[in-house]
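Asker: First, the structure itself, so that you have it in front of you.
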Amino acid sequence: GVMYVNGGTFTGDNITASNNTARIGGVMFASGSKTNVTLNDCTWTNNSARNGGAIWIGNGNTHLFNTTFISNTATAGGGALWAGMGNVIIEECAFIDNTATGSSGAGAIYAGGTTSARIINSNFTNNNLSGLSVENCTFTNNSAKKGGAIFSDTSITVEKSEFIENEANTEGGAIFIYGSNTANIIENLFMNDKA
């Protein structure tokens, strides 16, 4: 990526990043348990990588606030963001037209089983994605093989969110939970989702 953070602290305000390419993390590669990344008011467009079209997170703490990801791509997983470990908070962000073409999928966000992720007051349009704790979000016109809006291979809580016109090729038009994981689905609206 253009930015490499390992064990340090990085705060980015009003960063526009477009048309960057890397093997992992098209714009940013962040790793190390003591890494702290905060992004505010950023717009990241048309970036690409094998994993994490815009951001690859190996560990640490990441807080994304009021940041927009548009048309980022991954050839494996995490069209906008790939997180394997660490703590991730995504707040008041927008994910639009991000894609992942590989078998691990997750067009917007891939969150591995050891990632603690909270997604709050955010909007997802035309992506495939994974998530763990989702509150007050809107998922519109997202699609995937399984889980049109969310595919999760860990326990998940989805609360006070809207799922509108999402589609899966096989199962879980809105949400697909893999294995024997627990799903807490509380006060959500599902409209015209199909599989």
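Labels used: A, B, ... for chains in the order of the structure tokens, numbers from 1 for residues in each chain, and numbers from 1 for ligands as shown.
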Can you pull out every residue from chain A that DSSP, working from the backbone, puts in strand (DSSP E), and format the result as a PyMOL selection string?

Answerer: chain A and resi 3-6+9-13+16-18+28-31+36-40+43-45+48-51+55-57+61-65+68-70+73-77+81-91+94-96+99-100+109-120+123-125+133-135+138-140+143-146+150-152+156-159+162-164+167-171+175-177+183-186+189-191

Asker: Could you give me, as a ChimeraX atom specification, the residues within 12 Å of Thr75 (chain A), counting only C-alpha atoms and dropping anything in the same chain fewer than 2 positions from it?

Answerer: /A:21-26,47-53,72-73,77-80,82,98-107

Asker: Residues within 8 Å of Asp193 (chain A), please, as a list of chain:residue names. Count only C-alpha atoms; anything in the same chain fewer than 2 positions from it doesn't count.

Answerer: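 Residues near the query, excluding close chain neighbours: A:Phe163, A:Ile164, A:Glu165, A:Asn166, A:Glu167, A:Gly173, A:Ala174, A:Phe190, A:Met191, A:Ala195.
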
Asker: Quote the spacing between CA of Asn36 (chain A) and CA of Asn127 (chain A) in Å to one decimal place.

Answerer: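 Result for CA of Asn36 (chain A) versus CA of Asn127 (chain A): 26.4 Å, one decimal.
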
Asker: Under the rule that only C-alpha atoms are counted, which of A:Asn20, A:Ser31, A:Gly148, A:Gly1 is the nearest residue to Asn46 (chain A)?

Answerer: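 The closest residue to Asn46 (chain A) is A:Asn20.
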
Asker: Mind pulling up the distance from CA of Asn136 (chain A) to CA of Ile175 (chain A)?

Answerer: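 If I compute the distance from CA of Ile175 (chain A) to CA of Asn136 (chain A), I get 15.5 Å.
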
Asker: Do a neighbour search on Val37 (chain A) at 12 Å with only C-alpha atoms, toss out local chain neighbours closer than 3 positions, and write the hits as a PyMOL selection string.

Answerer: chain A and resi 3-13+28-34+40+55-65+86-90

Asker: Which residues, written as a list in words, have at least one atom at most 12 Å from Glu162 (chain A), with only C-alpha atoms counted and residues fewer than 5 positions away on the same chain left out?

Answerer: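 In the requested form, the answer reads Asn121, Ser122, Asn123, Phe124, Thr125, Val134, Glu135, Asn136, Cys137, Thr138, Phe139, Thr140, Asn141, Ala149, Ala174, Ile175, Ile185, Ile186, Glu187, Asn188, Leu189, Phe190, Met191, Asn192 and Asp193 of chain A.
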
Asker: Would you mind telling me which residue in A:Asp41, A:Gly147, A:Asn142, A:Lys160 lies nearest to Phe176 (chain A) when using only C-alpha atoms?

Answerer: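 That would be A:Gly147, the residue with the smallest distance to Phe176 (chain A).
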